[in-house]
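So this block is data.pdb, PDB, C-alpha atoms, pLDDT in the B column:
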```pdb
ATOM      1  CA  SER A   1       6.872 -40.867  59.081  1.00 65.00           C
ATOM      2  CA  SER A   2       5.893 -40.093  62.696  1.00 64.00           C
ATOM      3  CA  GLY A   3       2.255 -41.031  62.138  1.00 75.00           C
ATOM      4  CA  THR A   4       0.118 -42.895  64.638  1.00 78.00           C
ATOM      5  CA  GLY A   5      -3.586 -43.348  65.436  1.00 84.00           C
ATOM      6  CA  ASP A   6      -6.217 -42.352  62.860  1.00 88.00           C
ATOM      7  CA  LYS A   7      -3.674 -40.495  60.709  1.00 90.00           C
ATOM      8  CA  LEU A   8      -1.606 -43.653  60.300  1.00 92.00           C
ATOM      9  CA  VAL A   9      -4.671 -45.831  59.618  1.00 93.00           C
ATOM     10  CA  LYS A  10      -5.831 -43.440  56.865  1.00 93.00           C
ATOM     11  CA  SER A  11      -2.339 -43.491  55.312  1.00 93.00           C
ATOM     12  CA  ILE A  12      -2.272 -47.298  55.268  1.00 95.00           C
ATOM     13  CA  ILE A  13      -5.734 -47.366  53.697  1.00 95.00           C
ATOM     14  CA  LYS A  14      -4.532 -45.044  50.918  1.00 96.00           C
ATOM     15  CA  CYS A  15      -1.616 -47.413  50.269  1.00 96.00           C
ATOM     16  CA  LEU A  16      -3.928 -50.435  50.091  1.00 97.00           C
ATOM     17  CA  GLU A  17      -6.275 -48.614  47.722  1.00 97.00           C
ATOM     18  CA  TYR A  18      -3.294 -47.745  45.519  1.00 97.00           C
ATOM     19  CA  LEU A  19      -2.484 -51.466  45.425  1.00 97.00           C
ATOM     20  CA  GLU A  20      -5.961 -52.004  43.935  1.00 97.00           C
ATOM     21  CA  TYR A  21      -7.639 -54.127  46.560  1.00 97.00           C
ATOM     22  CA  TYR A  22     -11.345 -54.498  45.814  1.00 96.00           C
ATOM     23  CA  LYS A  23     -12.426 -52.534  48.903  1.00 95.00           C
ATOM     24  CA  VAL A  24     -10.693 -51.280  52.038  1.00 96.00           C
ATOM     25  CA  TYR A  25     -12.666 -50.312  55.143  1.00 92.00           C
ATOM     26  CA  ASP A  26     -11.646 -48.374  58.232  1.00 91.00           C
ATOM     27  CA  TRP A  27     -13.307 -50.816  60.589  1.00 86.00           C
ATOM     28  CA  ASP A  28     -13.727 -48.249  63.391  1.00 79.00           C
ATOM     29  CA  ASP A  29     -16.097 -46.393  61.034  1.00 77.00           C
ATOM     30  CA  GLU A  30     -18.029 -49.557  60.121  1.00 73.00           C
ATOM     31  CA  ARG A  31     -18.453 -51.646  63.255  1.00 69.00           C
ATOM     32  CA  GLU A  32     -21.526 -51.243  65.436  1.00 64.00           C
ATOM     33  CA  ASP A  33     -20.154 -52.123  68.909  1.00 63.00           C
ATOM     34  CA  VAL A  34     -17.509 -50.485  71.118  1.00 60.00           C
ATOM     35  CA  GLU A  35     -15.392 -53.583  71.671  1.00 66.00           C
ATOM     36  CA  LYS A  36     -11.724 -53.212  70.736  1.00 71.00           C
ATOM     37  CA  GLU A  37     -11.209 -54.801  67.315  1.00 82.00           C
ATOM     38  CA  GLU A  38      -8.915 -54.688  64.299  1.00 87.00           C
ATOM     39  CA  ASP A  39      -8.407 -51.406  62.406  1.00 91.00           C
ATOM     40  CA  ILE A  40      -8.945 -52.375  58.752  1.00 95.00           C
ATOM     41  CA  HIS A  41     -10.883 -54.891  56.654  1.00 94.00           C
ATOM     42  CA  ILE A  42      -9.330 -55.540  53.249  1.00 96.00           C
ATOM     43  CA  TYR A  43     -11.504 -57.155  50.587  1.00 95.00           C
ATOM     44  CA  LYS A  44      -9.817 -59.197  47.837  1.00 93.00           C
ATOM     45  CA  ASP A  45     -13.172 -59.526  46.066  1.00 92.00           C
ATOM     46  CA  GLU A  46     -16.841 -59.085  46.892  1.00 89.00           C
ATOM     47  CA  ASN A  47     -16.833 -61.875  49.486  1.00 86.00           C
ATOM     48  CA  GLU A  48     -13.292 -62.647  50.676  1.00 90.00           C
ATOM     49  CA  TYR A  49     -11.558 -60.301  53.081  1.00 93.00           C
ATOM     50  CA  PHE A  50      -8.746 -60.281  55.614  1.00 94.00           C
ATOM     51  CA  ILE A  51      -7.957 -57.994  58.531  1.00 95.00           C
ATOM     52  CA  ALA A  52      -5.207 -55.634  59.652  1.00 96.00           C
ATOM     53  CA  GLU A  53      -4.061 -53.951  62.845  1.00 95.00           C
ATOM     54  CA  VAL A  54      -2.125 -50.659  62.642  1.00 94.00           C
ATOM     55  CA  LYS A  55       0.280 -49.340  65.288  1.00 93.00           C
ATOM     56  CA  GLY A  56       2.632 -46.377  65.643  1.00 90.00           C
ATOM     57  CA  ILE A  57       5.182 -46.771  68.454  1.00 88.00           C
ATOM     58  CA  ASN A  58       8.308 -45.006  69.693  1.00 86.00           C
ATOM     59  CA  GLY A  59      10.593 -48.018  69.975  1.00 85.00           C
ATOM     60  CA  PRO A  60      10.818 -51.493  68.460  1.00 85.00           C
ATOM     61  CA  PRO A  61       7.667 -53.628  68.294  1.00 88.00           C
ATOM     62  CA  VAL A  62       7.213 -56.069  71.166  1.00 89.00           C
ATOM     63  CA  GLU A  63       5.392 -59.396  71.185  1.00 91.00           C
ATOM     64  CA  ASP A  64       2.087 -57.900  72.368  1.00 89.00           C
ATOM     65  CA  ASP A  65       2.134 -55.407  69.485  1.00 88.00           C
ATOM     66  CA  CYS A  66       2.389 -58.269  67.006  1.00 91.00           C
ATOM     67  CA  ASN A  67       0.231 -61.094  68.294  1.00 90.00           C
ATOM     68  CA  VAL A  68      -2.913 -59.115  69.199  1.00 91.00           C
ATOM     69  CA  ILE A  69      -3.986 -59.869  65.619  1.00 95.00           C
ATOM     70  CA  VAL A  70      -4.365 -63.557  66.595  1.00 94.00           C
ATOM     71  CA  LYS A  71      -7.306 -62.661  68.855  1.00 93.00           C
ATOM     72  CA  TYR A  72      -8.943 -60.600  66.114  1.00 92.00           C
ATOM     73  CA  LYS A  73      -8.392 -63.398  63.595  1.00 94.00           C
ATOM     74  CA  SER A  74     -10.132 -65.842  65.936  1.00 94.00           C
ATOM     75  CA  ARG A  75     -13.166 -63.558  66.315  1.00 90.00           C
ATOM     76  CA  ASN A  76     -13.547 -63.206  62.564  1.00 91.00           C
ATOM     77  CA  CYS A  77     -13.184 -66.962  62.016  1.00 93.00           C
ATOM     78  CA  SER A  78     -15.950 -67.553  64.547  1.00 92.00           C
ATOM     79  CA  LYS A  79     -18.203 -64.951  62.930  1.00 87.00           C
ATOM     80  CA  LEU A  80     -17.623 -66.283  59.403  1.00 86.00           C
ATOM     81  CA  LYS A  81     -17.574 -69.946  60.514  1.00 91.00           C
ATOM     82  CA  ILE A  82     -14.288 -70.579  58.673  1.00 92.00           C
ATOM     83  CA  PRO A  83     -11.082 -72.275  59.912  1.00 92.00           C
ATOM     84  CA  SER A  84      -8.702 -69.407  59.208  1.00 91.00           C
ATOM     85  CA  ILE A  85      -8.414 -65.810  58.037  1.00 94.00           C
ATOM     86  CA  HIS A  86      -5.306 -63.876  57.145  1.00 96.00           C
ATOM     87  CA  GLY A  87      -4.111 -60.978  59.268  1.00 96.00           C
ATOM     88  CA  ILE A  88      -1.568 -58.183  58.844  1.00 97.00           C
ATOM     89  CA  VAL A  89       0.135 -56.057  61.499  1.00 96.00           C
ATOM     90  CA  PHE A  90       1.355 -52.717  60.133  1.00 96.00           C
ATOM     91  CA  VAL A  91       3.820 -51.118  62.551  1.00 93.00           C
ATOM     92  CA  ASN A  92       5.328 -47.649  62.288  1.00 91.00           C
ATOM     93  CA  TYR A  93       8.122 -48.562  64.718  1.00 89.00           C
ATOM     94  CA  HIS A  94      10.704 -46.016  65.944  1.00 82.00           C
ATOM     95  CA  LYS A  95       8.214 -43.460  64.647  1.00 84.00           C
ATOM     96  CA  ASN A  96      10.268 -40.483  65.860  1.00 79.00           C
ATOM     97  CA  VAL A  97      13.409 -41.671  64.034  1.00 78.00           C
ATOM     98  CA  GLU A  98      14.038 -40.719  60.398  1.00 79.00           C
ATOM     99  CA  PRO A  99      12.790 -43.702  58.313  1.00 74.00           C
ATOM    100  CA  ASN A 100      16.097 -44.414  56.547  1.00 72.00           C
ATOM    101  CA  GLN A 101      17.859 -44.581  59.927  1.00 74.00           C
ATOM    102  CA  ARG A 102      15.563 -47.249  61.382  1.00 71.00           C
ATOM    103  CA  GLU A 103      16.382 -50.928  61.772  1.00 73.00           C
ATOM    104  CA  GLU A 104      15.952 -52.643  58.420  1.00 69.00           C
ATOM    105  CA  LEU A 105      13.221 -55.083  59.450  1.00 71.00           C
ATOM    106  CA  GLY A 106      12.558 -54.139  63.070  1.00 84.00           C
ATOM    107  CA  PHE A 107      10.994 -57.440  64.196  1.00 91.00           C
ATOM    108  CA  THR A 108      12.704 -60.172  66.223  1.00 92.00           C
ATOM    109  CA  SER A 109      13.225 -63.690  64.858  1.00 93.00           C
ATOM    110  CA  LYS A 110      10.704 -65.003  67.408  1.00 95.00           C
ATOM    111  CA  GLU A 111       8.071 -62.480  66.304  1.00 95.00           C
ATOM    112  CA  ILE A 112       8.607 -63.518  62.690  1.00 95.00           C
ATOM    113  CA  LYS A 113       8.389 -67.241  63.535  1.00 96.00           C
ATOM    114  CA  ASP A 114       5.155 -66.621  65.457  1.00 96.00           C
ATOM    115  CA  ALA A 115       3.719 -64.783  62.444  1.00 96.00           C
ATOM    116  CA  VAL A 116       4.484 -67.739  60.175  1.00 96.00           C
ATOM    117  CA  ARG A 117       2.965 -70.191  62.665  1.00 95.00           C
ATOM    118  CA  ASP A 118      -0.186 -68.158  63.329  1.00 95.00           C
ATOM    119  CA  GLU A 119      -0.634 -67.050  59.702  1.00 94.00           C
ATOM    120  CA  TYR A 120      -0.258 -63.291  59.751  1.00 96.00           C
ATOM    121  CA  THR A 121       2.168 -60.841  58.149  1.00 97.00           C
ATOM    122  CA  LEU A 122       4.396 -58.286  59.886  1.00 97.00           C
ATOM    123  CA  VAL A 123       4.869 -55.077  57.909  1.00 96.00           C
ATOM    124  CA  GLY A 124       7.052 -52.097  58.771  1.00 92.00           C
ATOM    125  CA  THR A 125       5.465 -48.964  57.320  1.00 92.00           C
ATOM    126  CA  TYR A 126       8.760 -47.809  55.805  1.00 90.00           C
ATOM    127  CA  ASP A 127       9.065 -51.129  53.982  1.00 92.00           C
ATOM    128  CA  LEU A 128       5.558 -50.632  52.605  1.00 94.00           C
ATOM    129  CA  PHE A 129       6.578 -47.147  51.438  1.00 92.00           C
ATOM    130  CA  LYS A 130       9.668 -48.557  49.714  1.00 91.00           C
ATOM    131  CA  ALA A 131       7.628 -51.271  48.005  1.00 95.00           C
ATOM    132  CA  ILE A 132       5.204 -48.692  46.608  1.00 95.00           C
ATOM    133  CA  ARG A 133       8.096 -46.530  45.366  1.00 92.00           C
ATOM    134  CA  LEU A 134       9.540 -49.602  43.612  1.00 94.00           C
ATOM    135  CA  CYS A 135       6.136 -50.185  42.047  1.00 95.00           C
ATOM    136  CA  GLN A 136       5.903 -46.571  40.891  1.00 93.00           C
ATOM    137  CA  GLU A 137       9.250 -47.033  39.133  1.00 91.00           C
ATOM    138  CA  ASN A 138       7.945 -50.216  37.413  1.00 92.00           C
ATOM    139  CA  ILE A 139      10.514 -52.386  39.191  1.00 93.00           C
ATOM    140  CA  ILE A 140       7.961 -54.576  40.991  1.00 95.00           C
ATOM    141  CA  SER A 141       4.218 -54.979  40.424  1.00 96.00           C
ATOM    142  CA  LYS A 142       1.178 -54.249  42.562  1.00 97.00           C
ATOM    143  CA  GLU A 143       0.332 -57.929  42.305  1.00 96.00           C
ATOM    144  CA  SER A 144       3.700 -58.931  43.792  1.00 95.00           C
ATOM    145  CA  ILE A 145       3.227 -56.510  46.702  1.00 97.00           C
ATOM    146  CA  ARG A 146      -0.263 -57.884  47.383  1.00 97.00           C
ATOM    147  CA  LYS A 147       1.121 -61.416  47.335  1.00 96.00           C
ATOM    148  CA  SER A 148       3.790 -60.464  49.890  1.00 96.00           C
ATOM    149  CA  LEU A 149       1.195 -58.807  52.141  1.00 97.00           C
ATOM    150  CA  GLU A 150      -0.858 -62.001  52.056  1.00 96.00           C
ATOM    151  CA  THR A 151       2.082 -64.322  52.840  1.00 96.00           C
ATOM    152  CA  PRO A 152       2.621 -65.138  56.556  1.00 97.00           C
ATOM    153  CA  GLY A 153       5.911 -63.968  58.064  1.00 96.00           C
ATOM    154  CA  ILE A 154       7.867 -60.800  57.370  1.00 96.00           C
ATOM    155  CA  PHE A 155       7.068 -58.399  54.545  1.00 96.00           C
ATOM    156  CA  ARG A 156      10.097 -57.319  52.529  1.00 93.00           C
ATOM    157  CA  ALA A 157       9.997 -54.418  50.104  1.00 92.00           C
ATOM    158  CA  ILE A 158      12.787 -55.867  47.973  1.00 92.00           C
ATOM    159  CA  PRO A 159      11.913 -59.318  46.570  1.00 91.00           C
ATOM    160  CA  ILE A 160      14.074 -62.131  47.937  1.00 90.00           C
ATOM    161  CA  SER A 161      14.947 -63.036  44.348  1.00 92.00           C
ATOM    162  CA  PHE A 162      16.894 -59.753  44.052  1.00 95.00           C
ATOM    163  CA  GLU A 163      20.552 -60.286  44.984  1.00 95.00           C
ATOM    164  CA  TYR A 164      22.434 -57.699  47.020  1.00 95.00           C
ATOM    165  CA  ILE A 165      25.510 -56.461  45.148  1.00 95.00           C
ATOM    166  CA  GLY A 166      27.020 -53.932  47.537  1.00 94.00           C
ATOM    167  CA  LYS A 167      27.340 -50.197  48.202  1.00 94.00           C
ATOM    168  CA  VAL A 168      28.714 -47.605  45.837  1.00 94.00           C
ATOM    169  CA  GLU A 169      32.276 -46.750  46.893  1.00 93.00           C
ATOM    170  CA  ASP A 170      33.220 -44.222  44.222  1.00 94.00           C
ATOM    171  CA  ILE A 171      31.434 -42.272  41.476  1.00 93.00           C
ATOM    172  CA  LEU A 172      32.705 -41.162  38.070  1.00 92.00           C
ATOM    173  CA  THR A 173      29.857 -38.870  37.073  1.00 89.00           C
ATOM    174  CA  ASN A 174      31.324 -37.737  33.746  1.00 90.00           C
ATOM    175  CA  ILE A 175      31.199 -41.262  32.285  1.00 92.00           C
ATOM    176  CA  ASN A 176      28.285 -42.743  34.331  1.00 93.00           C
ATOM    177  CA  VAL A 177      30.465 -45.269  36.150  1.00 95.00           C
ATOM    178  CA  ILE A 178      30.023 -46.454  39.736  1.00 94.00           C
ATOM    179  CA  CYS A 179      32.705 -48.399  41.602  1.00 95.00           C
ATOM    180  CA  VAL A 180      31.523 -51.189  43.885  1.00 95.00           C
ATOM    181  CA  PRO A 181      33.239 -53.921  45.937  1.00 95.00           C
ATOM    182  CA  LEU A 182      31.180 -56.865  44.694  1.00 95.00           C
ATOM    183  CA  GLU A 183      29.388 -58.920  47.380  1.00 94.00           C
ATOM    184  CA  CYS A 184      27.244 -61.168  45.157  1.00 93.00           C
ATOM    185  CA  ASP A 185      28.451 -64.208  43.175  1.00 92.00           C
ATOM    186  CA  LYS A 186      28.734 -62.408  39.847  1.00 93.00           C
ATOM    187  CA  ILE A 187      27.300 -59.762  37.547  1.00 96.00           C
ATOM    188  CA  LYS A 188      27.558 -59.442  33.778  1.00 96.00           C
ATOM    189  CA  ILE A 189      26.952 -57.007  30.951  1.00 97.00           C
ATOM    190  CA  ASN A 190      23.225 -56.387  30.248  1.00 96.00           C
ATOM    191  CA  ASP A 191      22.199 -57.331  33.802  1.00 96.00           C
ATOM    192  CA  GLU A 192      19.636 -54.953  35.323  1.00 96.00           C
ATOM    193  CA  LEU A 193      20.297 -53.229  38.641  1.00 96.00           C
ATOM    194  CA  LEU A 194      18.101 -51.729  41.326  1.00 95.00           C
ATOM    195  CA  ILE A 195      19.774 -48.604  42.712  1.00 94.00           C
ATOM    196  CA  ILE A 196      18.585 -47.224  46.060  1.00 91.00           C
ATOM    197  CA  GLU A 197      19.798 -43.708  46.817  1.00 88.00           C
ATOM    198  CA  ASP A 198      18.185 -42.387  49.998  1.00 80.00           C
ATOM    199  CA  ASN A 199      14.464 -42.493  49.054  1.00 80.00           C
ATOM    200  CA  ASN A 200      15.101 -42.643  45.305  1.00 86.00           C
ATOM    201  CA  TYR A 201      14.650 -45.999  43.593  1.00 90.00           C
ATOM    202  CA  TYR A 202      15.500 -46.643  39.975  1.00 90.00           C
ATOM    203  CA  LYS A 203      16.477 -49.322  37.509  1.00 93.00           C
ATOM    204  CA  ALA A 204      19.644 -49.269  35.405  1.00 94.00           C
ATOM    205  CA  LYS A 205      21.247 -51.561  32.840  1.00 96.00           C
ATOM    206  CA  ILE A 206      24.927 -52.570  32.894  1.00 97.00           C
ATOM    207  CA  LEU A 207      26.621 -51.397  29.686  1.00 97.00           C
ATOM    208  CA  SER A 208      30.177 -52.432  30.553  1.00 96.00           C
ATOM    209  CA  LEU A 209      32.369 -53.705  33.391  1.00 97.00           C
ATOM    210  CA  MET A 210      35.974 -52.986  34.308  1.00 95.00           C
ATOM    211  CA  VAL A 211      38.203 -54.771  36.840  1.00 95.00           C
ATOM    212  CA  ASN A 212      41.823 -53.624  37.414  1.00 92.00           C
ATOM    213  CA  ASP A 213      41.547 -51.283  34.399  1.00 90.00           C
ATOM    214  CA  ILE A 214      40.603 -54.207  32.133  1.00 93.00           C
ATOM    215  CA  GLU A 215      37.200 -54.526  30.469  1.00 94.00           C
ATOM    216  CA  VAL A 216      35.481 -57.817  31.327  1.00 95.00           C
ATOM    217  CA  GLU A 217      32.239 -59.552  30.364  1.00 95.00           C
ATOM    218  CA  GLU A 218      31.422 -60.473  33.969  1.00 94.00           C
ATOM    219  CA  SER A 219      32.722 -59.792  37.456  1.00 94.00           C
ATOM    220  CA  GLU A 220      32.832 -62.057  40.504  1.00 92.00           C
ATOM    221  CA  SER A 221      32.510 -61.700  44.269  1.00 93.00           C
ATOM    222  CA  GLY A 222      35.417 -59.803  45.810  1.00 92.00           C
ATOM    223  CA  ASP A 223      36.187 -57.764  42.688  1.00 94.00           C
ATOM    224  CA  ARG A 224      36.285 -53.989  42.969  1.00 94.00           C
ATOM    225  CA  VAL A 225      34.384 -53.375  39.777  1.00 96.00           C
ATOM    226  CA  GLY A 226      33.620 -50.277  37.752  1.00 96.00           C
ATOM    227  CA  ILE A 227      30.078 -50.496  36.383  1.00 96.00           C
ATOM    228  CA  LYS A 228      28.996 -48.264  33.508  1.00 96.00           C
ATOM    229  CA  ILE A 229      25.232 -47.861  33.500  1.00 96.00           C
ATOM    230  CA  ASP A 230      22.734 -46.507  30.997  1.00 94.00           C
ATOM    231  CA  LYS A 231      21.634 -43.451  33.012  1.00 89.00           C
ATOM    232  CA  SER A 232      22.982 -40.839  35.397  1.00 89.00           C
ATOM    233  CA  VAL A 233      24.884 -42.345  38.322  1.00 86.00           C
ATOM    234  CA  PRO A 234      23.792 -41.848  41.965  1.00 86.00           C
ATOM    235  CA  LYS A 235      24.548 -38.456  43.473  1.00 84.00           C
ATOM    236  CA  VAL A 236      25.870 -39.844  46.750  1.00 82.00           C
ATOM    237  CA  LYS A 237      28.280 -42.582  47.705  1.00 87.00           C
ATOM    238  CA  SER A 238      26.903 -45.541  49.716  1.00 86.00           C
ATOM    239  CA  ALA A 239      23.877 -45.984  47.421  1.00 91.00           C
ATOM    240  CA  GLN A 240      22.820 -49.643  47.569  1.00 92.00           C
ATOM    241  CA  LEU A 241      22.781 -51.914  44.529  1.00 95.00           C
ATOM    242  CA  TYR A 242      20.736 -55.059  43.885  1.00 96.00           C
ATOM    243  CA  LEU A 243      20.775 -57.410  40.944  1.00 96.00           C
ATOM    244  CA  ILE A 244      17.228 -57.686  39.585  1.00 94.00           C
ATOM    245  CA  ARG A 245      16.242 -61.304  39.025  1.00 87.00           C
TER     246      ARG A 245
END
```
Take the structure in this file and express it as C-alpha cells.
Amino acid sequence: SSGTGDKLVKSIIKCLEYLEYYKVYDWDDEREDVEKEEDIHIYKDENEYFIAEVKGINGPPVEDDCNVIVKYKSRNCSKLKIPSIHGIVFVNYHKNVEPNQREELGFTSKEIKDAVRDEYTLVGTYDLFKAIRLCQENIISKESIRKSLETPGIFRAIPISFEYIGKVEDILTNINVICVPLECDKIKINDELLIIEDNNYYKAKILSLMVNDIEVEESESGDRVGIKIDKSVPKVKSAQLYLIR
C-alpha cells in the first residue's frame, strides 16, 4: 500500500496482466532513449495499445501529477500518426496512510473534468485493488474493469449502476440478520447485495425483510430495516451495503 517507483509499476503490471490484456510492457525496460516518458504500454491486441503513468505520492494528487500524461499521449500520437491515444494515470496517493482510511476518490473535480476533456483515466491504486477483489468474488467481470480503465474520467471500483444502501447499524449473528437505515429508494426480497467489510467483498441474497417487527416484501428509503441474508453476516458494524444492479 505504500509502494512507489519500480515496485509500484511492477504491481500495476501484475494487475493489468490479471485483467487479461494482450500484452503489458514496462516501458522503461523497452525504450531505447533516456528521455522521460510514460511507465507502461498496454496492448489491447497485437497492434492497438494505450499508455499509462504510475505515481506514488505522500499527499493528494495535484494537477501536474495528473496531466503529465497529456504530453506523453501527444508524443505517441505523433509517432503513430494517429489523432488520439488513450492514457491512464495510476496514483497511489496518501501512500503512507492505511488504504481504507484514504479519501474515497482522491482527485479534485477539476482534475476529473480535465481527464474527460483530454481523454485519459484517473485511477487510485486502492480503487484498482477493490475492483480486482470484486472480480475475484465474481461480482464484476474483468471485461467491465477493462472498460472502466479505458473510459476517460475517474475510475470507480464499484459500478455506477450499483446503488448505495447504507451502513450496517446492528448485527444479529444467530439468525443472519443485519439492521440498516435505508438510504436508497427501495429494496425487496431476492435482491442481491454487495457487502464491503474492511477489505472483504462478497455477494448476498435477501431472504426476508422486517420493518417495525413486521415482515414486508420491500422496504423504502428512511426505513430502519432488518435484512436476513443467505450467508453469514458481517463481523463488524459499519460494513457498507450496495444493491447490485
Written as a PDB file with C-alpha atoms, keeping the file's coordinate frame, which residues does the PyMOL selection byres ((chain A and resi 69) around 8) give for the file shown?
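Dumped everything to out_28.pdb:
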```
ATOM      1  CA  GLU A  38      -8.915 -54.688  64.299  1.00 87.00           C
ATOM      2  CA  ALA A  52      -5.207 -55.634  59.652  1.00 96.00           C
ATOM      3  CA  GLU A  53      -4.061 -53.951  62.845  1.00 95.00           C
ATOM      4  CA  CYS A  66       2.389 -58.269  67.006  1.00 91.00           C
ATOM      5  CA  ASN A  67       0.231 -61.094  68.294  1.00 90.00           C
ATOM      6  CA  VAL A  68      -2.913 -59.115  69.199  1.00 91.00           C
ATOM      7  CA  VAL A  70      -4.365 -63.557  66.595  1.00 94.00           C
ATOM      8  CA  LYS A  71      -7.306 -62.661  68.855  1.00 93.00           C
ATOM      9  CA  TYR A  72      -8.943 -60.600  66.114  1.00 92.00           C
ATOM     10  CA  LYS A  73      -8.392 -63.398  63.595  1.00 94.00           C
ATOM     11  CA  GLY A  87      -4.111 -60.978  59.268  1.00 96.00           C
ATOM     12  CA  ILE A  88      -1.568 -58.183  58.844  1.00 97.00           C
ATOM     13  CA  VAL A  89       0.135 -56.057  61.499  1.00 96.00           C
ATOM     14  CA  TYR A 120      -0.258 -63.291  59.751  1.00 96.00           C
TER      15      TYR A 120
END
```
Just checking: using only C-alpha atoms, which residue out of A:Ile195, A:Val233, A:Leu19, A:Ile57 ends up closest to A:Asn96?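 Closest to A:Asn96 of all the choices is A:Ile57.
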Would you list the residues near (25.1, -52.1, 34.7), meaning any protein, DNA or RNA residue with an atom at most 8 Å from that point in file coordinates, counting only C-alpha atoms, as a list of chain:residue names?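 Within 8 Å of (25.1, -52.1, 34.7), the protein and nucleic acid residues are A:Lys188, A:Ile189, A:Asn190, A:Asp191, A:Glu192, A:Leu193, A:Ala204, A:Lys205, A:Ile206, A:Leu207, A:Ser208, A:Leu209, A:Ile227, A:Lys228, A:Ile229, A:Asp230.
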Chain and number of each residue from the PyMOL selection byres ((chain A and resi 165) around 9), as a ChimeraX atom specification: /A:163-164,166-167,180-187,193,221,240-243
Here is a test: counting all atoms listed in the file, which residue of A:Pro152, A:Pro61, A:Gly5, A:Gly226 is nearest to A:Tyr93?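 Comparing A:Pro152, A:Pro61, A:Gly5, A:Gly226 against A:Tyr93, the winner is A:Pro61.
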Kindly indicate which residue among A:Gly153, A:Gly56, A:Gly3, A:Pro234 lies nearest to A:Ala115, using all atoms listed in the file for the distances. A:Gly153
For the structure provided, state which residues fall under the PyMOL selection byres ((chain A and resi 168) around 6), and present them as an NGL selection string. :A and (167 or 169-170 or 179-180 or 237-239)
Residue neighbourhood A:Glu20, 9 Å, only C-alpha atoms, exclusion window fewer than 2 positions, as number ranges by chain: A: 15-18, 22-23, 142-143, 146
Residue subset to file, keeping C-alpha atoms, as a compact mmCIF listing (two decimals), in the coordinates of the input:
```txt
# COMPACT_ATOMS: atom_id res chain seq x y z
CA CYS A 15 -1.62 -47.41 50.27
CA LEU A 16 -3.93 -50.44 50.09
CA GLU A 17 -6.28 -48.61 47.72
CA TYR A 18 -3.29 -47.74 45.52
CA TYR A 22 -11.34 -54.50 45.81
CA LYS A 23 -12.43 -52.53 48.90
CA LYS A 142 1.18 -54.25 42.56
CA GLU A 143 0.33 -57.93 42.30
CA ARG A 146 -0.26 -57.88 47.38
```
Find the residues around A:Val97 up to 12 Å (all atoms listed in the file counted), leave out those fewer than 2 positions away in its own chain, and share them as a ChimeraX atom specification. /A:1-3,56-60,92-95,99-103,126
Centre, edges in Å (one decimal): axis-aligned box, stretch 127-131 of chain A, 5 Å padding on all six sides, as AutoDock Vina command-line options:
```
--center_x 7.6 --center_y -49.2 --center_z 51.0 --size_x 14.1 --size_y 14.1 --size_z 16.0
```
Just how far from atom CA of A:Phe129 is atom CA of A:Lys14, in Å to one decimal?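 Computed distance, atom CA of A:Lys14 to atom CA of A:Phe129, equals 11.3 Å.
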Spatial neighbours of A:Trp27, max dist 7 Å, only C-alpha atoms, sep filter under 6 positions, as a list of chain:residue names: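 Close residues of A:Trp27: A:Glu38, A:Asp39, A:Ile40, A:His41.
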Nearest to A:Arg245 by atom-to-atom distance, counting all atoms listed in the file, from A:Ser232, A:Ser161, A:Thr125, A:Asn199: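 The shortest atom-to-atom distance to A:Arg245 comes from A:Ser161.
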So which residues are close to (8.1, -62.1, 59.6), meaning at most 8 Å away in the file's coordinates with all atoms listed in the file counted, and can you show them as a ChimeraX atom specification? /A:107,109,111-116,121-123,152-155
Print the selection's residues with C-alpha atoms to a file, as a PDB file, in the coordinates of the input.
```
ATOM      1  CA  PHE A 107      10.994 -57.440  64.196  1.00 91.00           C
ATOM      2  CA  SER A 109      13.225 -63.690  64.858  1.00 93.00           C
ATOM      3  CA  GLU A 111       8.071 -62.480  66.304  1.00 95.00           C
ATOM      4  CA  ILE A 112       8.607 -63.518  62.690  1.00 95.00           C
ATOM      5  CA  LYS A 113       8.389 -67.241  63.535  1.00 96.00           C
ATOM      6  CA  ASP A 114       5.155 -66.621  65.457  1.00 96.00           C
ATOM      7  CA  ALA A 115       3.719 -64.783  62.444  1.00 96.00           C
ATOM      8  CA  VAL A 116       4.484 -67.739  60.175  1.00 96.00           C
ATOM      9  CA  THR A 121       2.168 -60.841  58.149  1.00 97.00           C
ATOM     10  CA  LEU A 122       4.396 -58.286  59.886  1.00 97.00           C
ATOM     11  CA  VAL A 123       4.869 -55.077  57.909  1.00 96.00           C
ATOM     12  CA  PRO A 152       2.621 -65.138  56.556  1.00 97.00           C
ATOM     13  CA  GLY A 153       5.911 -63.968  58.064  1.00 96.00           C
ATOM     14  CA  ILE A 154       7.867 -60.800  57.370  1.00 96.00           C
ATOM     15  CA  PHE A 155       7.068 -58.399  54.545  1.00 96.00           C
TER      16      PHE A 155
END
```
